[in-house]
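Q: Here you go, this is my_file-v7.cif (mmCIF, C-alpha atoms).
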data_input
loop_
_atom_site.label_atom_id
_atom_site.label_comp_id
_atom_site.auth_asym_id
_atom_site.auth_seq_id
_atom_site.Cartn_x
_atom_site.Cartn_y
_atom_site.Cartn_z
CA MET A 1440 113.62 102.80 71.11
CA ARG A 1441 111.02 103.84 73.65
CA PRO A 1442 107.68 104.90 72.10
CA LEU A 1443 107.92 108.61 73.04
CA SER A 1444 111.66 109.11 72.52
CA ASP A 1445 110.99 111.60 69.71
CA ILE A 1446 108.51 113.67 71.77
CA THR A 1447 109.39 116.82 73.71
CA VAL A 1448 107.08 117.88 76.53
CA LEU A 1449 107.04 121.38 77.99
CA ASP A 1450 105.71 121.03 81.54
CA PHE A 1451 104.40 124.15 83.30
CA SER A 1452 102.52 122.13 85.93
CA THR A 1453 103.24 121.93 89.64
CA LEU A 1454 102.38 119.75 92.65
CA LEU A 1455 100.68 116.48 91.61
CA PRO A 1456 98.35 115.85 88.60
CA GLY A 1457 100.49 117.36 85.85
CA PRO A 1458 103.88 116.26 87.23
CA MET A 1459 102.63 112.68 87.63
CA CYS A 1460 101.36 112.74 84.03
CA THR A 1461 104.67 114.01 82.68
CA LEU A 1462 106.49 111.43 84.82
CA PHE A 1463 104.59 108.72 82.95
CA LEU A 1464 105.49 110.36 79.63
CA ALA A 1465 109.16 110.63 80.66
CA GLU A 1466 109.23 106.95 81.61
CA ALA A 1467 107.98 106.14 78.11
CA GLY A 1468 110.85 108.10 76.60
CA ALA A 1469 109.62 111.68 76.28
CA ASN A 1470 112.07 114.53 76.80
CA VAL A 1471 110.28 116.43 79.58
CA ILE A 1472 111.39 120.01 80.28
CA LYS A 1473 109.98 121.27 83.56
CA VAL A 1474 109.45 125.04 83.42
CA GLU A 1475 109.68 126.45 86.94
CA ARG A 1476 109.42 129.92 88.44
CA PRO A 1477 112.72 131.21 89.89
CA ALA A 1478 111.68 130.01 93.37
CA GLY A 1479 110.86 126.56 91.97
CA ASP A 1480 107.86 124.23 92.08
CA GLU A 1481 106.16 124.56 95.47
CA MET A 1482 106.46 120.79 95.84
CA ARG A 1483 110.23 121.22 96.29
CA SER A 1484 109.61 122.91 99.66
CA TYR A 1485 107.42 120.16 101.14
CA SER A 1486 108.50 117.79 103.91
CA PRO A 1487 110.01 115.30 104.40
CA LYS A 1488 113.14 116.34 102.57
CA MET A 1489 115.56 114.38 100.43
CA GLY A 1490 118.51 116.71 100.13
CA ASN A 1491 117.46 120.20 99.04
CA ASP A 1492 114.04 119.11 97.77
CA SER A 1493 111.11 117.18 99.14
CA VAL A 1494 111.03 113.43 98.65
CA ASN A 1495 107.67 113.93 96.88
CA PHE A 1496 109.29 116.21 94.31
CA VAL A 1497 112.10 113.72 93.73
CA LEU A 1498 109.64 110.86 93.18
CA LEU A 1499 107.44 112.82 90.75
CA ASN A 1500 110.20 114.36 88.64
CA ARG A 1501 112.49 111.42 87.91
CA GLY A 1502 114.23 111.72 84.56
CA LYS A 1503 113.04 115.26 83.74
CA LYS A 1504 114.98 118.46 83.05
CA SER A 1505 114.46 121.80 84.80
CA VAL A 1506 114.62 125.37 83.55
CA THR A 1507 113.67 128.50 85.48
CA VAL A 1508 111.79 131.41 83.95
CA ASP A 1509 109.91 134.37 85.40
CA LEU A 1510 106.74 134.03 83.36
CA LYS A 1511 105.54 137.46 84.49
CA ASN A 1512 108.59 139.12 82.96
CA PRO A 1513 108.01 140.03 79.27
CA ALA A 1514 111.75 139.67 78.67
CA SER A 1515 111.34 135.94 79.17
CA ARG A 1516 109.08 135.63 76.13
CA SER A 1517 111.86 134.76 73.68
CA LYS A 1518 113.01 131.92 75.93
CA ILE A 1519 109.55 130.42 76.17
CA GLU A 1520 108.77 130.91 72.49
CA ALA A 1521 111.93 129.04 71.50
CA LEU A 1522 110.92 126.10 73.67
CA ILE A 1523 107.34 126.14 72.39
CA LYS A 1524 108.42 126.04 68.75
CA ASP A 1525 110.47 122.90 69.39
CA SER A 1526 107.93 121.08 71.59
CA ASP A 1527 105.26 118.51 70.83
CA VAL A 1528 103.24 118.73 74.04
CA LEU A 1529 102.58 121.50 76.56
CA VAL A 1530 101.07 120.65 79.96
CA GLU A 1531 99.73 123.39 82.24
CA GLN A 1532 97.74 123.31 85.43
CA PHE A 1533 96.84 126.94 86.14
CA ARG A 1534 93.32 128.17 86.72
CA PRO A 1535 91.52 129.26 83.52
CA GLY A 1536 92.71 132.67 82.37
CA VAL A 1537 96.19 132.55 83.90
CA MET A 1538 98.00 131.35 80.79
CA GLN A 1539 96.14 133.95 78.74
CA ARG A 1540 97.36 136.73 81.05
CA LEU A 1541 100.88 135.41 80.58
CA GLY A 1542 100.45 135.44 76.80
CA LEU A 1543 100.74 131.66 76.68
CA ASP A 1544 97.14 130.61 75.99
CA TYR A 1545 96.43 127.98 73.35
CA GLU A 1546 95.50 130.42 70.56
CA THR A 1547 98.73 132.35 71.03
CA VAL A 1548 101.09 129.38 71.19
CA ALA A 1549 99.27 127.53 68.39
CA ALA A 1550 100.23 130.41 66.11
CA LEU A 1551 103.87 129.65 66.96
CA ASN A 1552 103.49 125.88 66.71
CA PRO A 1553 100.28 124.57 65.08
CA ARG A 1554 101.35 120.96 65.79
CA LEU A 1555 101.46 121.51 69.55
CA VAL A 1556 99.24 119.34 71.77
CA TYR A 1557 98.24 121.72 74.58
CA CYS A 1558 96.89 120.03 77.71
CA SER A 1559 95.15 122.07 80.43
CA ILE A 1560 94.46 120.26 83.72
CA THR A 1561 92.05 122.03 86.08
CA GLY A 1562 89.58 121.13 88.78
CA TYR A 1563 86.37 122.12 87.03
CA GLY A 1564 87.43 122.67 83.42
CA GLN A 1565 87.89 125.70 81.19
CA SER A 1566 84.21 126.68 81.26
CA GLY A 1567 81.19 126.58 83.56
CA PRO A 1568 80.16 128.37 86.78
CA LYS A 1569 82.79 126.59 88.89
CA SER A 1570 85.68 126.92 86.45
CA ARG A 1571 87.54 129.63 88.39
CA ILE A 1572 86.77 128.42 91.91
CA ALA A 1573 89.76 127.47 94.08
CA ALA A 1574 89.52 123.87 95.26
CA HIS A 1575 91.49 120.72 96.03
CA ASP A 1576 90.97 116.97 95.74
CA LEU A 1577 88.71 116.79 98.80
CA ASN A 1578 86.42 119.44 97.28
CA TYR A 1579 86.13 117.63 93.94
CA GLN A 1580 85.22 114.38 95.68
CA ALA A 1581 82.71 116.24 97.86
CA GLN A 1582 80.98 117.91 94.92
CA THR A 1583 80.67 114.85 92.71
CA GLY A 1584 78.93 112.59 95.23
CA MET A 1585 81.99 110.41 95.79
CA LEU A 1586 82.71 111.47 99.36
CA ALA A 1587 79.10 110.93 100.42
CA LEU A 1588 79.37 107.25 99.46
CA SER A 1589 82.11 106.77 102.06
CA ARG A 1590 80.21 107.71 105.22
CA ASP A 1591 81.01 105.68 108.34
CA ALA A 1592 78.58 104.39 110.98
CA THR A 1593 78.22 107.89 112.45
CA GLY A 1594 77.23 109.32 109.07
CA ALA A 1595 80.45 111.30 108.67
CA PRO A 1596 82.61 110.78 105.55
CA PRO A 1597 86.27 109.97 106.30
CA ILE A 1598 89.20 111.83 104.78
CA PRO A 1599 90.17 109.70 101.73
CA PRO A 1600 93.77 108.42 101.85
CA THR A 1601 94.22 108.74 98.08
CA LEU A 1602 94.06 111.88 95.95
CA THR A 1603 91.57 110.28 93.59
CA ALA A 1604 90.58 113.43 91.71
CA ASP A 1605 94.18 114.51 91.11
CA LEU A 1606 95.27 111.10 89.87
CA ALA A 1607 92.28 109.20 88.47
CA GLY A 1608 90.55 112.42 87.40
CA GLY A 1609 93.60 114.40 86.28
CA THR A 1610 96.79 112.44 85.66
CA TYR A 1611 95.38 109.42 83.86
CA PRO A 1612 92.87 111.25 81.60
CA ALA A 1613 95.59 113.76 80.71
CA MET A 1614 98.02 111.04 79.69
CA ILE A 1615 95.37 109.13 77.72
CA ASN A 1616 94.23 112.21 75.83
CA ILE A 1617 97.77 113.40 75.12
CA LEU A 1618 98.54 110.05 73.50
CA LEU A 1619 95.28 110.18 71.53
CA ALA A 1620 96.07 113.72 70.39
CA LEU A 1621 99.54 112.70 69.24
CA ARG A 1622 98.01 109.82 67.28
CA GLN A 1623 95.51 112.19 65.68
CA ARG A 1624 98.30 114.63 64.83
CA GLU A 1625 99.99 111.88 62.83
CA ARG A 1626 96.94 111.93 60.55
CA THR A 1627 96.07 115.64 60.46
CA GLY A 1628 99.37 117.36 61.16
CA GLU A 1629 97.61 119.60 63.67
CA GLY A 1630 97.69 119.89 67.43
CA CYS A 1631 94.74 120.65 69.71
CA HIS A 1632 93.70 121.99 73.12
CA LEU A 1633 92.77 119.34 75.70
CA ASP A 1634 90.44 120.46 78.51
CA ILE A 1635 91.00 117.97 81.37
CA ALA A 1636 88.58 118.59 84.26
CA MET A 1637 89.35 116.50 87.34
CA ALA A 1638 85.82 116.76 88.77
CA ASP A 1639 84.21 115.69 85.47
CA ASN A 1640 86.36 112.59 85.32
CA LEU A 1641 85.38 111.33 88.77
CA PHE A 1642 81.89 110.41 87.57
CA SER A 1643 83.13 107.52 85.42
CA LEU A 1644 84.51 105.91 88.60
CA MET A 1645 80.97 105.75 89.98
CA TYR A 1646 79.41 104.17 86.89
CA TRP A 1647 77.34 101.70 88.91
CA GLY A 1648 75.80 104.44 91.04
CA LEU A 1649 74.90 106.49 87.98
CA GLY A 1650 73.37 103.41 86.36
CA ASN A 1651 71.27 102.66 89.41
CA GLY A 1652 70.09 106.24 89.65
CA TRP A 1653 69.36 106.86 86.00
CA GLY A 1654 68.01 103.41 85.25
CA HIS A 1655 65.90 102.75 88.31
CA GLU A 1656 65.79 105.97 90.36
CA GLU A 1657 67.71 104.11 93.06
CA TRP A 1658 70.46 106.56 93.88
CA PRO A 1659 73.18 104.92 96.02
CA HIS A 1660 73.78 105.48 99.71
CA ALA A 1661 76.80 104.88 101.92
CA GLY A 1662 76.64 101.63 103.86
CA ARG A 1663 73.74 100.19 101.88
CA GLU A 1664 75.07 99.17 98.47
CA LEU A 1665 77.13 96.20 97.30
CA VAL A 1666 80.43 98.08 97.37
CA THR A 1667 79.68 100.62 100.10
CA GLY A 1668 79.23 98.22 103.02
CA GLY A 1669 75.71 96.94 102.49
CA SER A 1670 76.65 93.36 101.62
CA PRO A 1671 78.31 90.61 103.70
CA ARG A 1672 80.01 89.54 100.46
CA TYR A 1673 82.02 92.78 100.24
CA GLN A 1674 82.95 93.63 103.78
CA ILE A 1675 85.70 94.29 106.30
CA TYR A 1676 85.72 92.04 109.35
CA ARG A 1677 87.66 92.43 112.62
CA THR A 1678 89.62 89.49 114.01
CA ALA A 1679 90.33 88.46 117.62
CA ASP A 1680 93.67 90.29 117.63
CA ASN A 1681 92.06 93.52 116.37
CA ARG A 1682 93.37 93.13 112.84
CA TYR A 1683 91.09 93.17 109.83
CA LEU A 1684 90.21 90.91 106.90
CA ALA A 1685 89.03 92.22 103.55
CA ALA A 1686 86.42 89.73 102.34
CA ALA A 1687 85.04 89.99 98.80
CA PRO A 1688 83.51 86.58 97.95
CA LEU A 1689 81.04 88.13 95.50
CA GLU A 1690 80.47 85.18 93.17
CA ASP A 1691 78.44 82.24 94.47
CA LYS A 1692 81.35 79.78 94.22
CA PHE A 1693 83.48 81.99 96.45
CA TRP A 1694 80.59 82.79 98.77
CA ARG A 1695 79.76 79.13 99.43
CA LEU A 1696 83.39 78.24 100.12
CA PHE A 1697 83.79 81.28 102.37
CA LEU A 1698 80.81 80.20 104.47
CA ASP A 1699 82.03 76.59 104.55
CA ILE A 1700 85.32 77.69 106.09
CA LEU A 1701 83.44 79.73 108.67
CA GLY A 1702 81.06 76.86 109.43
CA LEU A 1703 78.08 79.01 108.45
CA GLN A 1704 76.70 77.04 105.50
CA GLU A 1705 73.15 77.75 106.67
CA LEU A 1706 73.57 81.41 105.66
CA VAL A 1707 74.24 80.72 101.98
CA ASP A 1708 70.76 81.71 100.76
CA ARG A 1709 69.84 84.24 103.44
CA SER A 1710 68.92 87.64 102.03
CA ASP A 1711 68.81 89.74 105.22
CA ASN A 1712 72.25 91.26 104.74
CA GLU A 1713 72.51 93.01 108.08
CA THR A 1714 71.87 89.81 110.06
CA VAL A 1715 74.24 87.76 107.89
CA THR A 1716 77.00 90.35 108.19
CA HIS A 1717 76.59 90.39 111.98
CA GLN A 1718 76.79 86.60 112.27
CA ILE A 1719 79.89 86.40 110.09
CA ALA A 1720 81.51 89.20 112.10
CA GLU A 1721 80.86 87.30 115.35
CA VAL A 1722 82.55 84.15 114.04
CA ILE A 1723 85.57 85.98 112.61
CA ARG A 1724 86.11 87.70 115.96
CA THR A 1725 86.81 84.26 117.52
CA LYS A 1726 90.22 83.79 115.84
CA THR A 1727 93.28 85.86 115.07
CA SER A 1728 94.09 87.15 111.62
CA GLU A 1729 96.93 84.65 111.28
CA GLU A 1730 94.65 81.75 112.25
CA TRP A 1731 92.04 82.74 109.69
CA MET A 1732 94.53 83.34 106.90
CA SER A 1733 96.11 79.92 107.51
CA GLN A 1734 92.73 78.56 106.43
CA PHE A 1735 91.73 81.03 103.73
CA ASN A 1736 95.14 80.87 102.02
CA ASN A 1737 94.43 77.26 101.04
CA TYR A 1738 91.38 78.20 98.96
CA ASP A 1739 90.14 80.74 96.44
CA THR A 1740 87.79 82.85 98.55
CA CYS A 1741 88.86 86.44 97.78
CA VAL A 1742 89.83 87.01 101.41
CA CYS A 1743 93.04 88.70 102.52
CA GLU A 1744 94.50 90.46 105.50
CA ILE A 1745 94.56 94.26 105.50
CA VAL A 1746 98.21 95.32 105.69
CA ASP A 1747 99.87 98.70 106.03
CA LEU A 1748 101.98 100.34 103.34
CA LYS A 1749 105.29 99.20 104.82
CA GLN A 1750 104.11 95.59 104.81
CA ALA A 1751 102.79 95.95 101.26
CA VAL A 1752 106.11 97.08 99.76
CA GLN A 1753 107.82 94.13 101.48
CA ASP A 1754 105.38 91.60 100.02
CA PRO A 1755 107.36 88.86 98.16
CA HIS A 1756 104.86 89.06 95.30
CA PHE A 1757 105.67 92.71 94.50
CA ILE A 1758 109.38 92.11 95.08
CA GLU A 1759 109.43 89.20 92.61
CA ARG A 1760 107.61 91.31 90.04
CA GLU A 1761 110.24 94.04 90.49
CA VAL A 1762 107.62 96.70 91.16
CA PHE A 1763 110.20 98.75 93.07
CA SER A 1764 113.31 97.79 91.10
CA HIS A 1765 113.90 101.23 89.56
CA THR A 1766 115.48 103.97 91.65
CA VAL A 1767 115.60 107.75 91.71
CA SER A 1768 118.40 109.93 93.02
CA ASN A 1769 118.85 113.63 93.67
CA ASN A 1770 121.78 115.94 93.10
CA LYS A 1771 123.14 114.93 96.53
CA ASP A 1772 123.55 111.30 95.38
CA GLN A 1773 120.84 110.05 97.69
CA THR A 1774 118.84 107.18 96.21
CA ILE A 1775 115.44 105.63 96.97
CA PRO A 1776 113.13 103.29 95.01
CA ALA A 1777 111.40 105.09 92.16
CA LEU A 1778 107.67 105.53 92.04
CA PRO A 1779 106.05 102.54 90.25
CA VAL A 1780 104.34 103.69 87.06
CA PRO A 1781 101.64 102.02 84.91
CA ILE A 1782 103.96 101.75 81.92
CA ALA A 1783 104.79 98.28 80.57
CA SER A 1784 108.41 97.34 81.26
CA PHE A 1785 109.35 97.16 77.57
CA PHE A 1786 108.20 100.79 77.09
CA ARG A 1787 109.96 102.13 80.18
CA MET A 1788 113.28 103.83 80.74
CA GLN A 1789 115.82 101.01 80.56
CA LYS A 1790 118.30 102.81 82.78
CA LYS A 1791 117.01 101.76 86.18
CA ASP A 1792 118.41 104.76 88.03
CA ALA A 1793 117.49 108.29 87.02
CA GLU A 1794 117.85 111.65 88.70
CA ALA A 1795 115.32 114.31 89.64
CA PRO A 1796 116.61 117.69 88.38
CA ALA A 1797 118.02 120.41 90.58
CA LEU A 1798 116.25 123.74 90.18
CA GLY A 1799 117.28 125.33 86.87
CA ALA A 1800 119.78 122.56 86.17
CA ASN A 1801 119.23 122.80 82.42
CA ASN A 1802 119.07 126.57 81.92
CA ASP A 1803 122.37 126.68 80.03
CA GLU A 1804 121.34 123.78 77.79
CA PHE A 1805 118.12 125.43 76.60
CA PHE A 1806 118.69 129.16 77.09
CA ALA A 1807 122.29 129.67 75.99
CA CYS A 1808 121.22 131.18 72.66
CA THR A 1809 118.20 133.19 73.77
CA SER A 1810 117.93 136.65 75.22
CA GLY A 1811 115.87 137.73 78.20
CA ASP A 1812 116.11 137.72 81.96
CA ASN A 1813 118.50 135.46 83.84
CA PRO A 1814 116.61 134.04 86.79
#
What does the file become when written as structure tokens?

A:
Amino acid sequence: MRPLSDITVLDFSTLLPGPMCTLFLAEAGANVIKVERPAGDEMRSYSPKMGNDSVNFVLLNRGKKSVTVDLKNPASRSKIEALIKDSDVLVEQFRPGVMQRLGLDYETVAALNPRLVYCSITGYGQSGPKSRIAAHDLNYQAQTGMLALSRDATGAPPIPPTLTADLAGGTYPAMINILLALRQRERTGEGCHLDIAMADNLFSLMYWGLGNGWGHEEWPHAGRELVTGGSPRYQIYRTADNRYLAAAPLEDKFWRLFLDILGLQELVDRSDNETVTHQIAEVIRTKTSEEWMSQFNNYDTCVCEIVDLKQAVQDPHFIEREVFSHTVSNNKDQTIPALPVPIASFFRMQKKDAEAPALGANNDEFFACTSGDNP
């Protein structure tokens, strides 16, 4: 039995943070019911497509069920109330105030189901001056100091390739707190309202910068700190064939071996980081990536080649570990590898193939005995 097989999750969320969270819960056995507007989750319309829906939607909604409800129609209330009474967790991702206008705020639904764990995921939280401001991942990173630590040589921050606020600030804290709330409910019998603010949760990812600032009034800068490009021991170096090596020989034992391979032993105790970085860069530019890796691969130096995503998924290491062994299909019988999830294999869905739901695929299953509109 999977650990959440007796848990029902009512998922009102769209796009990324909430759907990724409920994907994790579904993989651990939860019965996830995705509540969509009649037109469906906006993510369904994105490109590229996989059948009728976007490939992103298919990846994020593996193993869930879908019902459609017009939340603005009061006649739908009986449908939603029936689902709420039978659910353990509710996940929503609207801006503060929206669920209240729909009559689905925590106080209202808690009266129907006091055991319900109600999780609200927003950018800036349920309170505070920014709580109702429209924003996206880039904005949250910009306003928490994270983006400023990624400036390039021109002083301009790059566009981050990962949606760090959505995932590390939203999805993961939501899942953690939902599990904690369910554990607490076992003791108290009562649910609770979880206020998950993506921007708030980014600060823990910059713990070292906060420590430097608070402890020594040395607030970090891009390009000057250990992990922002200021050290030769944590650096990206270009090779002769215009490929790149990621070098992170932080500990002395790795650092000494790294310099030995480069023939730069005289730099081992040098403290002028800019000069040392420049000299290492000059040596690494004399050989191709393959030539360097033929040497580094024989030793523990924390050096690797930077590969693209296609190369990464073809890496024998990840293939042997069956990272991509599960699959997801759509209602057109098209199948691709499923999104890897951070759930231990013995907790995960044992059926390796699962389907992403068609829009409203489960309306009859859940709404057959309720009155109200028929989207």

Q: Name all residues at most 8 Å from segment 1503-1511 of chain A (count only C-alpha atoms; drop same-chain ones fewer than 4 positions away) and give them as number ranges by chain.

A: A: 1462, 1465, 1470-1477, 1479, 1515-1516, 1541, 1794-1802, 1805, 1812-1814

Q: Given the file shown, enumerate the residues that the PyMOL selection byres ((chain A and resi 1574) around 12) captures and present them as JSON, numbers by chain.

A: {"A": [1534, 1561, 1562, 1563, 1569, 1570, 1571, 1572, 1573, 1575, 1576, 1577, 1578, 1579, 1580, 1581, 1582, 1604, 1605, 1637, 1638]}

Q: When you look at Phe1735 of chain A with a cut-off of 12 Å (counting only C-alpha atoms), what residues show up, excluding the ones that are within fewer than 3 positions of it in the same chain? I need them as a ChimeraX atom specification.

A: /A:1684-1686,1688,1693,1696-1701,1723,1728-1732,1738-1744

Q: Here is a test: counting only C-alpha atoms, which residue of A:Leu1588, A:Leu1543, A:Val1497, A:Ile1675 is nearest to Val1767 of chain A?

A: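 Smallest distance to Val1767 of chain A is found for A:Val1497.
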
Q: Would you be able to write out as a list in words which residues have an atom within 10 Å of (115.5, 101.2, 79.2) in the file's coordinates, counting all atoms listed in the file?

A: Met1440, Arg1441, Glu1466, Ala1467, Gly1468, Ser1784, Phe1785, Phe1786, Arg1787, Met1788, Gln1789, Lys1790, Lys1791 and Asp1792 of chain A

Q: For the provided coordinates, the residues matched by the PyMOL selection byres ((chain A and resi 1708-1715) around 12) should be stated as a PDB file with C-alpha atoms, in the frame of the given file.

A:
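Listing of result36.pdb after writing:
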ATOM      1  CA  GLY A1662      76.640 101.630 103.860  1.00  0.00           C
ATOM      2  CA  ARG A1663      73.740 100.190 101.880  1.00  0.00           C
ATOM      3  CA  GLU A1664      75.070  99.170  98.470  1.00  0.00           C
ATOM      4  CA  LEU A1665      77.130  96.200  97.300  1.00  0.00           C
ATOM      5  CA  GLY A1668      79.230  98.220 103.020  1.00  0.00           C
ATOM      6  CA  GLY A1669      75.710  96.940 102.490  1.00  0.00           C
ATOM      7  CA  SER A1670      76.650  93.360 101.620  1.00  0.00           C
ATOM      8  CA  PRO A1671      78.310  90.610 103.700  1.00  0.00           C
ATOM      9  CA  ARG A1672      80.010  89.540 100.460  1.00  0.00           C
ATOM     10  CA  TYR A1673      82.020  92.780 100.240  1.00  0.00           C
ATOM     11  CA  GLN A1674      82.950  93.630 103.780  1.00  0.00           C
ATOM     12  CA  ASP A1691      78.440  82.240  94.470  1.00  0.00           C
ATOM     13  CA  TRP A1694      80.590  82.790  98.770  1.00  0.00           C
ATOM     14  CA  ARG A1695      79.760  79.130  99.430  1.00  0.00           C
ATOM     15  CA  LEU A1698      80.810  80.200 104.470  1.00  0.00           C
ATOM     16  CA  LEU A1703      78.080  79.010 108.450  1.00  0.00           C
ATOM     17  CA  GLN A1704      76.700  77.040 105.500  1.00  0.00           C
ATOM     18  CA  GLU A1705      73.150  77.750 106.670  1.00  0.00           C
ATOM     19  CA  LEU A1706      73.570  81.410 105.660  1.00  0.00           C
ATOM     20  CA  VAL A1707      74.240  80.720 101.980  1.00  0.00           C
ATOM     21  CA  THR A1716      77.000  90.350 108.190  1.00  0.00           C
ATOM     22  CA  HIS A1717      76.590  90.390 111.980  1.00  0.00           C
ATOM     23  CA  GLN A1718      76.790  86.600 112.270  1.00  0.00           C
ATOM     24  CA  ILE A1719      79.890  86.400 110.090  1.00  0.00           C
ATOM     25  CA  ALA A1720      81.510  89.200 112.100  1.00  0.00           C
ATOM     26  CA  GLU A1721      80.860  87.300 115.350  1.00  0.00           C
ATOM     27  CA  VAL A1722      82.550  84.150 114.040  1.00  0.00           C
TER      28      VAL A1722
END

Q: Choose the residue, out of A:Ala1469, A:Val1762, A:Val1746, A:Ala1514, that has the smallest atom-to-atom separation from Gly1502 of chain A; count only C-alpha atoms.

A: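 Looking only at the distances to Gly1502 of chain A, the closest residue turns out to be A:Ala1469.
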
Q: Just checking: using all atoms listed in the file, which residue out of A:Ala1783, A:Ala1777, A:Gln1623, A:Asn1552 ends up closest to Arg1501 of chain A?

A: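 Going through A:Ala1783, A:Ala1777, A:Gln1623, A:Asn1552 one by one, the smallest distance to Arg1501 of chain A is for A:Ala1777.
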
Q: Given all atoms listed in the file as the basis, pick out the residue of A:Met1614, A:Leu1455, A:Ile1775, A:Ile1523 nearest to Asp1544 of chain A.

A: A:Ile1523

Q: Using atom CA of Met1538 of chain A and atom CA of Leu1449 of chain A as the two end points, give the distance in Å to one decimal.

A: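 The value is 13.7 Å.
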
Q: Work out how far apart atom CA of Pro1612 of chain A and atom CA of Leu1633 of chain A are and give it in Å to one decimal.

A: 10.0 Å

Q: A:Ser1566, A:Leu1555, A:Arg1724, A:Val1528: which is nearest Ala1679 of chain A, counting all atoms listed in the file?

A: A:Arg1724

Q: Measure the distance from atom CA of Val1530 of chain A to atom CA of Asp1445 of chain A in Å and round it to one decimal.

A: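 Atom-to-atom, atom CA of Val1530 of chain A and atom CA of Asp1445 of chain A are spaced 16.9 Å apart.
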
Q: Exactly which residues make up the result of the PyMOL selection byres ((chain A and resi 1531) around 9) on this file, given as JSON, numbers by chain?

A: {"A": [1449, 1450, 1451, 1452, 1453, 1457, 1529, 1530, 1532, 1533, 1538, 1557, 1558, 1559, 1560, 1561]}

Q: Can you work out which one of A:Pro1597, A:Gly1536, A:Gly1564, A:Gly1490 has the shortest atom-to-atom distance to Gly1609 of chain A, counting all atoms listed in the file?

A: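 Distance minimum relative to Gly1609 of chain A lands on A:Gly1564.
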
Q: Any idea what's packed within 8 Å of Leu1606 of chain A, counting all atoms listed in the file, ignoring anything in its chain fewer than 3 positions away? Could you give it as a PDB file with C-alpha atoms, keeping the file's coordinate frame?

A:
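Result file is out-v4.pdb:
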ATOM      1  CA  LEU A1455     100.680 116.480  91.610  1.00  0.00           C
ATOM      2  CA  PRO A1456      98.350 115.850  88.600  1.00  0.00           C
ATOM      3  CA  MET A1459     102.630 112.680  87.630  1.00  0.00           C
ATOM      4  CA  LEU A1602      94.060 111.880  95.950  1.00  0.00           C
ATOM      5  CA  THR A1603      91.570 110.280  93.590  1.00  0.00           C
ATOM      6  CA  GLY A1609      93.600 114.400  86.280  1.00  0.00           C
ATOM      7  CA  THR A1610      96.790 112.440  85.660  1.00  0.00           C
ATOM      8  CA  TYR A1611      95.380 109.420  83.860  1.00  0.00           C
TER       9      TYR A1611
END

Q: May I have the residues within 10 Å of Pro1779 of chain A as a ChimeraX atom specification, using all atoms listed in the file and disregarding those fewer than 6 positions away in the same chain?

A: /A:1463,1498,1761-1766
